[in-house]
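Asker: This is final_22.txt, which holds compact mmCIF, C-alpha atoms:
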```txt
# COMPACT_ATOMS: atom_id res chain seq x y z
CA MET Y 1 -78.05 180.45 -38.10
CA VAL Y 2 -81.24 181.83 -36.59
CA SER Y 3 -80.56 183.27 -33.13
CA ALA Y 4 -82.91 183.93 -30.27
CA ARG Y 5 -83.12 187.42 -28.82
CA PRO Y 6 -80.08 188.31 -26.68
CA ALA Y 7 -82.35 188.74 -23.66
CA VAL Y 8 -83.54 185.16 -24.10
CA GLN Y 9 -80.08 183.74 -24.78
CA SER Y 10 -78.80 185.19 -21.52
CA LEU Y 11 -81.70 183.97 -19.39
CA PRO Y 12 -80.64 181.63 -16.59
CA ALA Y 13 -82.51 178.34 -16.71
CA TYR Y 14 -85.26 177.82 -14.15
CA ARG Y 15 -84.10 175.19 -11.67
CA PRO Y 16 -86.83 172.84 -10.45
CA GLY Y 17 -86.25 170.62 -7.45
CA ARG Y 18 -84.31 167.44 -8.18
CA ASN Y 19 -86.15 164.20 -8.75
CA PRO Y 20 -85.75 162.17 -5.53
CA ALA Y 21 -85.65 158.85 -7.41
CA ASP Y 22 -82.71 160.11 -9.47
CA LEU Y 23 -80.84 161.21 -6.34
CA ALA Y 24 -81.54 157.92 -4.58
CA ARG Y 25 -80.03 156.00 -7.50
CA GLU Y 26 -77.10 158.38 -7.71
CA ILE Y 27 -76.02 158.00 -4.09
CA GLY Y 28 -77.12 154.37 -3.72
CA VAL Y 29 -79.92 154.64 -1.16
CA GLU Y 30 -83.43 153.23 -1.17
CA ARG Y 31 -85.22 156.57 -0.88
CA ALA Y 32 -84.47 160.27 -0.94
CA VAL Y 33 -86.62 162.96 0.67
CA LYS Y 34 -87.59 165.97 -1.44
CA LEU Y 35 -88.19 169.18 0.53
CA ALA Y 36 -87.39 171.57 -2.30
CA SER Y 37 -90.53 172.50 -4.24
CA ASN Y 38 -93.17 173.52 -1.66
CA GLU Y 39 -95.49 170.68 -2.55
CA VAL Y 40 -97.80 169.33 0.15
CA ALA Y 41 -96.98 165.84 1.31
CA PHE Y 42 -100.59 164.66 1.30
CA PRO Y 43 -101.91 162.58 -1.62
CA PRO Y 44 -104.44 164.20 -3.97
CA LEU Y 45 -107.85 164.93 -2.49
CA PRO Y 46 -110.24 161.98 -3.00
CA ALA Y 47 -112.69 164.23 -4.86
CA VAL Y 48 -109.89 165.32 -7.18
CA VAL Y 49 -108.95 161.72 -7.93
CA GLU Y 50 -112.56 160.94 -8.74
CA ALA Y 51 -112.93 164.00 -10.96
CA VAL Y 52 -109.69 163.25 -12.80
CA THR Y 53 -110.73 159.64 -13.37
CA THR Y 54 -113.98 160.77 -14.94
CA ALA Y 55 -112.53 163.64 -16.95
CA VAL Y 56 -109.73 161.60 -18.48
CA THR Y 57 -112.29 159.69 -20.55
CA GLU Y 58 -113.04 162.93 -22.40
CA THR Y 59 -109.51 164.00 -23.22
CA ASN Y 60 -110.02 163.37 -26.92
CA ARG Y 61 -111.78 166.77 -26.82
CA TYR Y 62 -110.34 170.23 -26.29
CA PRO Y 63 -110.95 171.80 -22.88
CA ASP Y 64 -113.24 174.80 -22.43
CA ASN Y 65 -110.89 177.66 -23.28
CA GLY Y 66 -112.86 180.02 -21.06
CA ALA Y 67 -112.94 177.58 -18.11
CA VAL Y 68 -116.51 178.74 -17.56
CA VAL Y 69 -117.45 176.26 -14.84
CA LEU Y 70 -114.25 176.82 -12.86
CA THR Y 71 -114.44 180.59 -13.33
CA GLY Y 72 -118.01 180.58 -12.05
CA ALA Y 73 -117.06 178.48 -9.02
CA LEU Y 74 -114.21 180.85 -8.17
CA ALA Y 75 -116.41 183.90 -8.63
CA GLN Y 76 -118.98 182.42 -6.26
CA ARG Y 77 -116.37 181.50 -3.66
CA TYR Y 78 -114.87 185.00 -3.57
CA GLY Y 79 -118.05 187.01 -4.12
CA VAL Y 80 -116.96 188.60 -7.38
CA ASP Y 81 -118.32 188.71 -10.92
CA PRO Y 82 -116.97 186.06 -13.31
CA ALA Y 83 -115.61 188.95 -15.41
CA GLN Y 84 -113.20 189.68 -12.55
CA VAL Y 85 -111.64 186.20 -12.73
CA ALA Y 86 -108.97 184.83 -15.08
CA VAL Y 87 -107.69 181.26 -14.96
CA GLY Y 88 -104.24 180.14 -16.10
CA CYS Y 89 -101.77 177.26 -16.26
CA GLY Y 90 -100.48 177.96 -12.77
CA ALA Y 91 -100.04 181.38 -11.20
CA VAL Y 92 -96.66 181.80 -12.89
CA ALA Y 93 -98.31 181.61 -16.32
CA ILE Y 94 -100.59 184.44 -15.28
CA CYS Y 95 -97.54 186.44 -14.18
CA GLN Y 96 -96.17 186.05 -17.69
CA GLU Y 97 -99.50 187.01 -19.23
CA LEU Y 98 -99.60 190.13 -17.05
CA ALA Y 99 -96.11 191.12 -18.22
CA GLN Y 100 -97.16 190.60 -21.83
CA ALA Y 101 -100.33 192.59 -21.29
CA TYR Y 102 -98.86 195.61 -19.50
CA ASN Y 103 -95.18 195.94 -20.30
CA ASP Y 104 -93.52 197.42 -23.37
CA PRO Y 105 -89.76 197.83 -23.75
CA GLY Y 106 -88.71 200.77 -21.61
CA THR Y 107 -91.29 200.10 -18.91
CA ALA Y 108 -90.54 198.49 -15.56
CA ILE Y 109 -91.67 195.71 -13.24
CA ALA Y 110 -90.86 196.28 -9.56
CA PHE Y 111 -90.64 193.67 -6.81
CA ALA Y 112 -88.77 192.82 -3.64
CA TRP Y 113 -85.59 190.79 -3.81
CA ARG Y 114 -85.07 188.12 -2.91
CA SER Y 115 -88.55 187.00 -3.90
CA PHE Y 116 -90.11 184.60 -6.41
CA GLU Y 117 -87.29 183.86 -8.83
CA MET Y 118 -89.46 184.10 -11.95
CA TYR Y 119 -90.16 187.83 -11.56
CA PRO Y 120 -86.84 189.08 -13.03
CA LEU Y 121 -86.98 186.47 -15.79
CA LEU Y 122 -90.46 187.58 -16.82
CA ALA Y 123 -89.30 191.19 -16.95
CA ARG Y 124 -86.41 190.34 -19.25
CA VAL Y 125 -88.58 188.30 -21.60
CA ALA Y 126 -91.01 191.23 -21.81
CA GLY Y 127 -88.15 193.65 -22.53
CA ALA Y 128 -88.91 195.51 -19.31
CA ARG Y 129 -86.55 196.70 -16.59
CA ALA Y 130 -86.55 194.58 -13.45
CA VAL Y 131 -86.49 196.93 -10.45
CA GLN Y 132 -85.34 194.86 -7.48
CA VAL Y 133 -85.84 196.37 -4.03
CA PRO Y 134 -83.85 194.65 -1.25
CA LEU Y 135 -85.72 192.96 1.56
CA THR Y 136 -85.52 194.70 4.89
CA PRO Y 137 -83.11 193.26 7.49
CA GLY Y 138 -84.23 192.45 11.01
CA ARG Y 139 -85.51 195.38 13.00
CA PRO Y 140 -87.39 195.90 16.28
CA GLY Y 141 -91.02 194.93 15.85
CA GLY Y 142 -90.47 193.54 12.36
CA SER Y 143 -89.41 190.36 10.64
CA ALA Y 144 -86.09 189.89 8.92
CA ASP Y 145 -86.02 189.23 5.19
CA THR Y 146 -89.42 190.70 4.35
CA HIS Y 147 -90.68 193.43 2.02
CA ASP Y 148 -89.49 196.97 2.55
CA LEU Y 149 -92.73 198.50 1.28
CA ASP Y 150 -91.61 202.09 1.80
CA ALA Y 151 -88.60 201.49 -0.45
CA LEU Y 152 -90.74 199.59 -2.94
CA ALA Y 153 -93.19 202.50 -3.15
CA ALA Y 154 -90.29 204.92 -3.64
CA ALA Y 155 -89.01 202.77 -6.53
CA VAL Y 156 -92.26 203.18 -8.48
CA ASP Y 157 -92.07 205.85 -11.18
CA GLY Y 158 -93.87 206.77 -14.36
CA THR Y 159 -92.43 203.76 -16.21
CA THR Y 160 -93.56 201.19 -13.64
CA ARG Y 161 -96.46 199.18 -15.04
CA LEU Y 162 -96.46 196.22 -12.64
CA VAL Y 163 -95.50 195.71 -9.00
CA PHE Y 164 -95.44 192.18 -7.57
CA VAL Y 165 -95.84 191.78 -3.82
CA CYS Y 166 -95.33 188.14 -2.87
CA ASN Y 167 -97.14 187.72 0.45
CA PRO Y 168 -96.13 185.45 2.14
CA ASN Y 169 -92.81 185.91 0.42
CA ASN Y 170 -91.11 183.06 -1.40
CA PRO Y 171 -88.48 181.96 -0.35
CA THR Y 172 -88.33 183.63 3.08
CA GLY Y 173 -91.86 182.77 4.27
CA THR Y 174 -92.25 186.18 5.90
CA ALA Y 175 -95.35 188.31 5.37
CA VAL Y 176 -96.26 191.97 5.51
CA ARG Y 177 -99.12 193.08 7.72
CA ARG Y 178 -102.30 194.97 7.06
CA ALA Y 179 -101.40 198.54 8.07
CA GLU Y 180 -98.17 198.70 6.07
CA LEU Y 181 -99.71 196.96 3.05
CA GLU Y 182 -102.71 199.30 3.01
CA ARG Y 183 -100.38 202.30 3.28
CA PHE Y 184 -98.36 200.96 0.36
CA LEU Y 185 -101.40 200.35 -1.84
CA ASP Y 186 -102.64 203.87 -1.14
CA ALA Y 187 -99.24 205.28 -2.16
CA VAL Y 188 -98.93 203.51 -5.53
CA PRO Y 189 -100.18 205.59 -8.49
CA ALA Y 190 -103.43 204.52 -10.08
CA GLU Y 191 -101.61 203.86 -13.37
CA THR Y 192 -99.51 201.07 -11.84
CA LEU Y 193 -101.00 197.62 -11.30
CA VAL Y 194 -100.12 195.99 -7.98
CA VAL Y 195 -100.32 192.21 -8.04
CA LEU Y 196 -100.57 190.54 -4.64
CA ASP Y 197 -99.07 187.11 -5.23
CA GLU Y 198 -100.67 184.93 -2.56
CA ALA Y 199 -99.67 181.42 -3.59
CA TYR Y 200 -99.30 180.45 0.08
CA ARG Y 201 -102.28 182.29 1.53
CA GLU Y 202 -103.92 179.15 2.92
CA PHE Y 203 -101.02 178.59 5.34
CA VAL Y 204 -101.20 182.06 6.94
CA THR Y 205 -101.97 182.02 10.66
CA ASP Y 206 -100.97 185.56 11.67
CA PRO Y 207 -104.25 187.49 11.99
CA ASP Y 208 -102.44 190.73 11.09
CA VAL Y 209 -101.55 189.41 7.62
CA PRO Y 210 -104.46 190.54 5.46
CA ASP Y 211 -106.38 188.63 2.85
CA GLY Y 212 -105.45 190.31 -0.42
CA VAL Y 213 -108.93 189.82 -1.82
CA GLU Y 214 -110.27 192.08 0.92
CA LEU Y 215 -107.69 194.75 0.15
CA MET Y 216 -108.41 194.47 -3.57
CA ARG Y 217 -112.01 195.57 -3.19
CA GLY Y 218 -112.42 199.23 -4.07
CA ARG Y 219 -108.89 199.46 -5.52
CA PRO Y 220 -109.03 199.21 -9.34
CA ASN Y 221 -105.24 198.92 -9.66
CA VAL Y 222 -104.94 195.85 -7.41
CA ALA Y 223 -105.19 192.20 -8.43
CA VAL Y 224 -104.62 188.97 -6.50
CA LEU Y 225 -102.97 185.74 -7.63
CA ARG Y 226 -103.78 182.36 -6.09
CA THR Y 227 -102.96 178.79 -7.07
CA PHE Y 228 -104.19 175.22 -6.68
CA SER Y 229 -100.60 173.93 -6.74
CA LYS Y 230 -99.77 174.31 -3.06
CA ALA Y 231 -102.41 173.88 -0.36
CA TRP Y 232 -104.86 172.24 -2.75
CA GLY Y 233 -102.34 169.56 -3.71
CA MET Y 234 -102.54 169.97 -7.48
CA ALA Y 235 -98.95 170.90 -8.37
CA GLY Y 236 -98.93 168.31 -11.15
CA LEU Y 237 -102.07 169.69 -12.80
CA ARG Y 238 -101.14 173.39 -13.01
CA VAL Y 239 -104.09 175.67 -12.28
CA GLY Y 240 -103.79 179.24 -11.02
CA TYR Y 241 -106.15 182.19 -11.08
CA LEU Y 242 -106.29 185.96 -10.86
CA LEU Y 243 -108.95 188.07 -9.17
CA ALA Y 244 -109.12 191.74 -10.13
CA GLU Y 245 -111.25 194.61 -8.90
CA ASP Y 246 -111.18 196.06 -12.42
CA PRO Y 247 -112.56 193.50 -14.91
CA SER Y 248 -110.33 194.97 -17.61
CA VAL Y 249 -107.31 193.49 -15.81
CA ALA Y 250 -108.78 189.99 -15.99
CA GLU Y 251 -109.71 190.65 -19.61
CA ALA Y 252 -106.11 191.63 -20.41
CA VAL Y 253 -104.92 188.31 -18.97
CA ARG Y 254 -107.49 186.42 -20.99
CA ARG Y 255 -106.32 188.20 -24.16
CA THR Y 256 -102.71 187.06 -23.61
CA HIS Y 257 -103.74 183.58 -22.44
CA LEU Y 258 -102.28 180.66 -24.41
CA PRO Y 259 -105.37 178.87 -25.79
CA PHE Y 260 -106.34 175.61 -24.08
CA SER Y 261 -103.40 175.79 -21.65
CA VAL Y 262 -105.62 174.87 -18.68
CA GLY Y 263 -106.48 171.31 -19.56
CA LEU Y 264 -109.80 169.57 -19.28
CA VAL Y 265 -108.59 167.30 -16.49
CA ALA Y 266 -107.09 170.23 -14.58
CA GLN Y 267 -110.32 172.22 -14.77
CA ALA Y 268 -112.39 169.31 -13.49
CA ALA Y 269 -109.91 168.70 -10.68
CA ALA Y 270 -109.96 172.34 -9.56
CA VAL Y 271 -113.76 172.43 -9.42
CA ALA Y 272 -113.74 169.25 -7.33
CA ALA Y 273 -111.05 170.67 -5.05
CA LEU Y 274 -113.11 173.78 -4.31
CA ALA Y 275 -115.88 171.50 -3.05
CA SER Y 276 -113.38 169.90 -0.63
CA GLU Y 277 -112.34 173.07 1.16
CA GLU Y 278 -112.89 171.75 4.68
CA GLU Y 279 -110.52 168.87 4.02
CA VAL Y 280 -107.97 171.34 2.64
CA ARG Y 281 -108.27 173.41 5.81
CA THR Y 282 -107.61 170.32 7.91
CA ARG Y 283 -104.52 169.51 5.86
CA CYS Y 284 -103.24 173.08 6.12
CA ALA Y 285 -103.67 172.97 9.89
CA ALA Y 286 -101.50 169.85 9.98
CA VAL Y 287 -98.84 171.61 7.90
CA VAL Y 288 -98.93 174.60 10.26
CA THR Y 289 -98.49 172.33 13.29
CA GLU Y 290 -95.52 170.62 11.67
CA ARG Y 291 -94.13 174.03 10.61
CA ALA Y 292 -94.09 175.12 14.26
CA ARG Y 293 -92.35 171.92 15.33
CA LEU Y 294 -89.70 172.15 12.62
CA THR Y 295 -89.10 175.84 13.36
CA GLY Y 296 -88.59 175.04 17.03
CA GLU Y 297 -86.17 172.22 16.23
CA LEU Y 298 -84.12 174.46 13.94
CA ARG Y 299 -83.99 177.28 16.47
CA ALA Y 300 -82.88 174.79 19.13
CA ARG Y 301 -79.91 174.08 16.86
CA GLY Y 302 -78.96 177.75 16.91
CA LEU Y 303 -80.33 178.64 13.47
CA GLU Y 304 -82.04 182.02 13.02
CA VAL Y 305 -85.35 180.98 11.53
CA ALA Y 306 -88.00 183.68 11.09
CA ASP Y 307 -91.67 182.89 11.66
CA SER Y 308 -92.95 181.48 8.37
CA GLN Y 309 -96.48 182.03 7.08
CA ALA Y 310 -96.01 179.54 4.23
CA ASN Y 311 -95.44 175.78 3.91
CA PHE Y 312 -91.66 176.14 4.09
CA VAL Y 313 -89.01 177.65 6.33
CA TRP Y 314 -86.00 179.77 5.41
CA LEU Y 315 -82.51 179.12 6.71
CA PRO Y 316 -80.46 182.33 6.26
CA VAL Y 317 -77.08 180.58 6.18
CA GLY Y 318 -75.47 182.98 3.71
CA GLU Y 319 -72.34 181.73 1.99
CA GLN Y 320 -72.85 178.26 3.44
CA ALA Y 321 -76.02 177.73 1.40
CA LEU Y 322 -74.66 175.75 -1.55
CA GLY Y 323 -72.27 173.67 0.52
CA LEU Y 324 -74.87 172.79 3.14
CA ALA Y 325 -77.47 171.91 0.51
CA ALA Y 326 -74.93 169.65 -1.23
CA ALA Y 327 -74.13 167.99 2.09
CA LEU Y 328 -77.83 167.37 2.65
CA GLU Y 329 -78.21 165.88 -0.82
CA ALA Y 330 -75.30 163.55 -0.07
CA ARG Y 331 -77.45 162.41 2.85
CA ALA Y 332 -80.53 161.89 0.63
CA VAL Y 333 -82.37 165.13 1.43
CA ILE Y 334 -83.19 167.61 -1.34
CA THR Y 335 -83.67 171.27 -0.36
CA ARG Y 336 -83.65 174.51 -2.34
CA PRO Y 337 -80.48 176.59 -1.92
CA PHE Y 338 -80.04 180.21 -3.01
CA ALA Y 339 -76.34 180.91 -3.47
CA GLY Y 340 -74.90 183.27 -0.89
CA GLU Y 341 -78.25 183.73 0.86
CA GLY Y 342 -79.97 180.73 2.35
CA ILE Y 343 -81.85 177.47 1.99
CA ARG Y 344 -85.60 176.99 1.64
CA VAL Y 345 -86.94 173.83 3.24
CA THR Y 346 -90.47 172.66 2.44
CA ILE Y 347 -92.53 171.32 5.32
CA GLY Y 348 -92.84 167.56 4.79
CA THR Y 349 -94.39 164.83 6.86
CA PRO Y 350 -93.05 164.53 10.42
CA GLU Y 351 -91.09 161.48 9.29
CA GLU Y 352 -89.55 163.34 6.34
CA ASP Y 353 -88.69 166.31 8.51
CA ASP Y 354 -86.99 164.03 11.02
CA VAL Y 355 -84.88 162.60 8.20
CA PHE Y 356 -83.96 166.19 7.28
CA LEU Y 357 -83.07 167.09 10.86
CA ASP Y 358 -80.85 164.02 11.23
CA ALA Y 359 -79.13 164.82 7.92
CA LEU Y 360 -78.71 168.45 9.02
CA ASP Y 361 -77.16 167.43 12.35
CA ASP Y 362 -74.77 165.11 10.53
CA ALA Y 363 -73.86 167.74 7.91
CA LEU Y 364 -73.27 170.44 10.52
CA ALA Y 365 -71.15 168.10 12.62
CA ALA Y 366 -69.02 167.33 9.58
CA THR Y 367 -68.52 171.03 8.76
CA PRO Y 368 -65.18 172.44 9.98
CA ALA Y 369 -65.63 175.10 12.65
```
Show the structure stored in the file as structure tokens.
Answerer:
Amino acid sequence: MVSARPAVQSLPAYRPGRNPADLAREIGVERAVKLASNEVAFPPLPAVVEAVTTAVTETNRYPDNGAVVLTGALAQRYGVDPAQVAVGCGAVAICQELAQAYNDPGTAIAFAWRSFEMYPLLARVAGARAVQVPLTPGRPGGSADTHDLDALAAAVDGTTRLVFVCNPNNPTGTAVRRAELERFLDAVPAETLVVLDEAYREFVTDPDVPDGVELMRGRPNVAVLRTFSKAWGMAGLRVGYLLAEDPSVAEAVRRTHLPFSVGLVAQAAAVAALASEEEVRTRCAAVVTERARLTGELRARGLEVADSQANFVWLPVGEQALGLAAALEARAVITRPFAGEGIRVTIGTPEEDDVFLDALDDALAATPA
């Protein structure tokens, strides 16, 4: 028998959000609400639909492996050279390509924990050590469950090749601010690449949370990840991108890139989406408004909900997480639990969020005191 590497055999499976149609059939209801995967509730942008409709007639051909048109559009939008841009099949694919490009066995990848659940898996696949630095608890003048950047900087040593800083952080929604992030970037050795994972950047409203692209400039060991999956409404098409001050970082990603993994339709859709930025801003503003309403409703129920800078909120319910999430599913609402820690709830439409709140009230009322 041919066996996979032990590190691969022991990997926990990635758990996507449940299919709402499956849950609806399972519990015998007409419709279930999915608030588990941080998708936006809006339909695809009209320009994206048009671009996809046109591009699909050419899918007998391979896509442009260099994504030249999309790369050029991104370079123009961010004021960088195309050589500083790398495109991938979602931001998570670029995370994997970075690990392949920079990590050998015996090296390390450092990140906060809890944070994006793929970081430790990517480290194990690369044969690298996963250095997990606990999030900071609540403190005066700070947010609970956010990056402890001083501890993260202290965890970096001569073996650390990559540091991921998820800002805003998934799944807590909290974000680090400019002064502490600049201090951290200045403290990290030049030989360590810091990747600012900004998948939720478009939902940030706190003016003290910096744009990573600004901080990247002049820092050769800093790169920024963004995605079209969230605010741009293209989760089903899978397009992410990296911006790097040092073009050699983008080149390293391109060298480890799986050929043709960003499809022809996806490339066309992303270019069309970039031309619809004002509509995306309007949609993000609606998400932010609903985020504030949902946060207020949850706090009114006595839940300690931190200010989120993403399109989800975090319920730090600890050991109740799995039981409460199961109770919500029994009431046709899908959320994302993290055992022993909390539940992440994506911002849906006002109607979907009201369904969630009703299910939450019912589940809490049914929970023994």
Asker: Let me have the centre and edge lengths in Å, one decimal, of the box along x, y and z around every listed atom of range 289-302 of chain Y with 5 Å of margin on each side, as AutoDock Vina command-line options.
Answerer:
```
--center_x -88.7 --center_y 174.2 --center_z 14.9 --size_x 29.5 --size_y 17.1 --size_z 18.5
```
Asker: Pick out the closest residue to Arg178 in chain Y from this set: Y:Pro207, Y:Tyr241, Y:Leu23, Y:Leu322. Count all atoms listed in the file.
Answerer: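 When distances to Arg178 in chain Y are compared using all atoms listed in the file, the smallest one comes from Y:Pro207.
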Asker: Residues proximal to (-102.4, 197.8, -8.2) were defined as those with any atom within 9 Å of that point in the file's coordinates, counting only C-alpha atoms. Which are they, as a list in words?
Answerer: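 The answer, in the requested form, is Leu162, Val163, Phe164, Leu185, Val188, Pro189, Ala190, Glu191, Thr192, Leu193, Val194, Val195, Leu196, Met216, Arg219, Pro220, Asn221, Val222 and Ala223 of chain Y.
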Asker: Suppose you want the space between CA of Val333 in chain Y and CA of Pro134 in chain Y; what is it in Å?
Answerer: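 Atom-to-atom, CA of Val333 in chain Y to CA of Pro134 in chain Y, that is 29.7 Å.
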Asker: For range 29-107 of chain Y versus range 231-238 of chain Y, which residues have an atom no more than 6 Å away, and what is each residue's nearest atom pair and distance in Å rounded to one decimal, using only C-alpha atoms, chain-then-number order, as a Markdown table?
Answerer:
```
| residue | atom | partner | partner_atom | distance |
| --- | --- | --- | --- | --- |
| Y:Val40 | CA | Y:Gly233 | CA | 6.0 |
| Y:Pro44 | CA | Y:Gly233 | CA | 5.8 |
| Y:Cys89 | CA | Y:Arg238 | CA | 5.1 |
| Y:Gly90 | CA | Y:Arg238 | CA | 4.6 |
```
Asker: Pick out the closest residue to Val280 in chain Y from this set: Y:Gly72, Y:Pro105, Y:Pro210, Y:Pro43. Count all atoms listed in the file.
Answerer: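 Result for the nearest residue to Val280 in chain Y: Y:Pro43.
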Asker: Fewer than 6 positions away in the same chain doesn't count, so skip those; otherwise give me all residues within 12 Å of Ile94 in chain Y, counting all atoms listed in the file, as a PyMOL selection string.
Answerer: chain Y and resi 85-88+100-101+118-119+122+195+197+223-227+238-243+249-258+261-262
Asker: Interatomic distance between CA of Ala123 in chain Y and CA of Gly218 in chain Y?
Answerer: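 Distance between the two atoms: 27.7 Å.
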Asker: Once you count all atoms listed in the file, which residues end up no further than 12 Å from (-103.3, 167.6, 5.4) in the file's frame, shown as a PDB file with C-alpha atoms, keeping the file's coordinate frame?
Answerer:
```pdb
ATOM      1  CA  GLU Y  39     -95.490 170.680  -2.550  1.00  0.00           C
ATOM      2  CA  VAL Y  40     -97.800 169.330   0.150  1.00  0.00           C
ATOM      3  CA  ALA Y  41     -96.980 165.840   1.310  1.00  0.00           C
ATOM      4  CA  PHE Y  42    -100.590 164.660   1.300  1.00  0.00           C
ATOM      5  CA  PRO Y  43    -101.910 162.580  -1.620  1.00  0.00           C
ATOM      6  CA  PRO Y  44    -104.440 164.200  -3.970  1.00  0.00           C
ATOM      7  CA  LEU Y  45    -107.850 164.930  -2.490  1.00  0.00           C
ATOM      8  CA  GLU Y 202    -103.920 179.150   2.920  1.00  0.00           C
ATOM      9  CA  PHE Y 203    -101.020 178.590   5.340  1.00  0.00           C
ATOM     10  CA  LYS Y 230     -99.770 174.310  -3.060  1.00  0.00           C
ATOM     11  CA  ALA Y 231    -102.410 173.880  -0.360  1.00  0.00           C
ATOM     12  CA  TRP Y 232    -104.860 172.240  -2.750  1.00  0.00           C
ATOM     13  CA  GLY Y 233    -102.340 169.560  -3.710  1.00  0.00           C
ATOM     14  CA  SER Y 276    -113.380 169.900  -0.630  1.00  0.00           C
ATOM     15  CA  GLU Y 277    -112.340 173.070   1.160  1.00  0.00           C
ATOM     16  CA  GLU Y 278    -112.890 171.750   4.680  1.00  0.00           C
ATOM     17  CA  GLU Y 279    -110.520 168.870   4.020  1.00  0.00           C
ATOM     18  CA  VAL Y 280    -107.970 171.340   2.640  1.00  0.00           C
ATOM     19  CA  ARG Y 281    -108.270 173.410   5.810  1.00  0.00           C
ATOM     20  CA  THR Y 282    -107.610 170.320   7.910  1.00  0.00           C
ATOM     21  CA  ARG Y 283    -104.520 169.510   5.860  1.00  0.00           C
ATOM     22  CA  CYS Y 284    -103.240 173.080   6.120  1.00  0.00           C
ATOM     23  CA  ALA Y 285    -103.670 172.970   9.890  1.00  0.00           C
ATOM     24  CA  ALA Y 286    -101.500 169.850   9.980  1.00  0.00           C
ATOM     25  CA  VAL Y 287     -98.840 171.610   7.900  1.00  0.00           C
ATOM     26  CA  VAL Y 288     -98.930 174.600  10.260  1.00  0.00           C
ATOM     27  CA  THR Y 289     -98.490 172.330  13.290  1.00  0.00           C
ATOM     28  CA  GLU Y 290     -95.520 170.620  11.670  1.00  0.00           C
ATOM     29  CA  ASN Y 311     -95.440 175.780   3.910  1.00  0.00           C
ATOM     30  CA  ILE Y 347     -92.530 171.320   5.320  1.00  0.00           C
ATOM     31  CA  GLY Y 348     -92.840 167.560   4.790  1.00  0.00           C
ATOM     32  CA  THR Y 349     -94.390 164.830   6.860  1.00  0.00           C
ATOM     33  CA  PRO Y 350     -93.050 164.530  10.420  1.00  0.00           C
TER      34      PRO Y 350
END
```
Asker: Just want the 8 Å neighbourhood of range 149-155 of chain Y, counted on all atoms listed in the file, with same-chain residues fewer than 6 positions away dropped. Output as number ranges by chain.
Answerer: Y: 110-112, 131, 133, 180-181, 184, 187-188
Asker: If I take CA of Ser229 in chain Y and CA of Glu297 in chain Y, how far is one from the other in Å, to one decimal?
Answerer: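 Taking CA of Ser229 in chain Y as the start and CA of Glu297 in chain Y as the end point, the length is 27.2 Å.
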Asker: Using all atoms listed in the file, which of the listed residues (Y:Leu215, Y:Val209, Y:Val125, Y:Val68) sits closest to Gln9 in chain Y?
Answerer: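 Among the listed residues, the smallest separation from Gln9 in chain Y belongs to Y:Val125.
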Asker: Near range 338-340 of chain Y, within 9 Å and counting all atoms listed in the file, which residues show up once chain neighbours fewer than 2 positions away are dropped, as a PyMOL selection string?
Answerer: chain Y and resi 317-322+336+342-344
Asker: Taking all atoms listed in the file into account, which of Y:Asp148, Y:Glu30, Y:Glu352, Y:Glu245 comes nearest Arg177 in chain Y?
Answerer: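 Going through Y:Asp148, Y:Glu30, Y:Glu352, Y:Glu245 one by one, the smallest distance to Arg177 in chain Y is for Y:Asp148.
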Asker: Excluding same-chain residues fewer than 3 positions from Thr107 in chain Y, what lies within 6 Å of it counting only C-alpha atoms, as a list in words?
Answerer: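 The contact residues come out as Asn103, Asp104, Ala128, Thr159 and Thr160 of chain Y.
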Asker: I need the residue nearest Glu50 in chain Y from this list: Y:Ser10, Y:Val271, Y:Glu26, Y:Ala292. Use all atoms listed in the file for the distance.
Answerer: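 With all atoms listed in the file as the atom set, the closest residue is Y:Val271.
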Asker: Considering all atoms listed in the file, state which residue in the set Y:Leu135, Y:Val204, Y:Ala266, Y:Val156 is at the smallest distance from Arg291 in chain Y.
Answerer: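 The shortest atom-to-atom distance to Arg291 in chain Y comes from Y:Val204.
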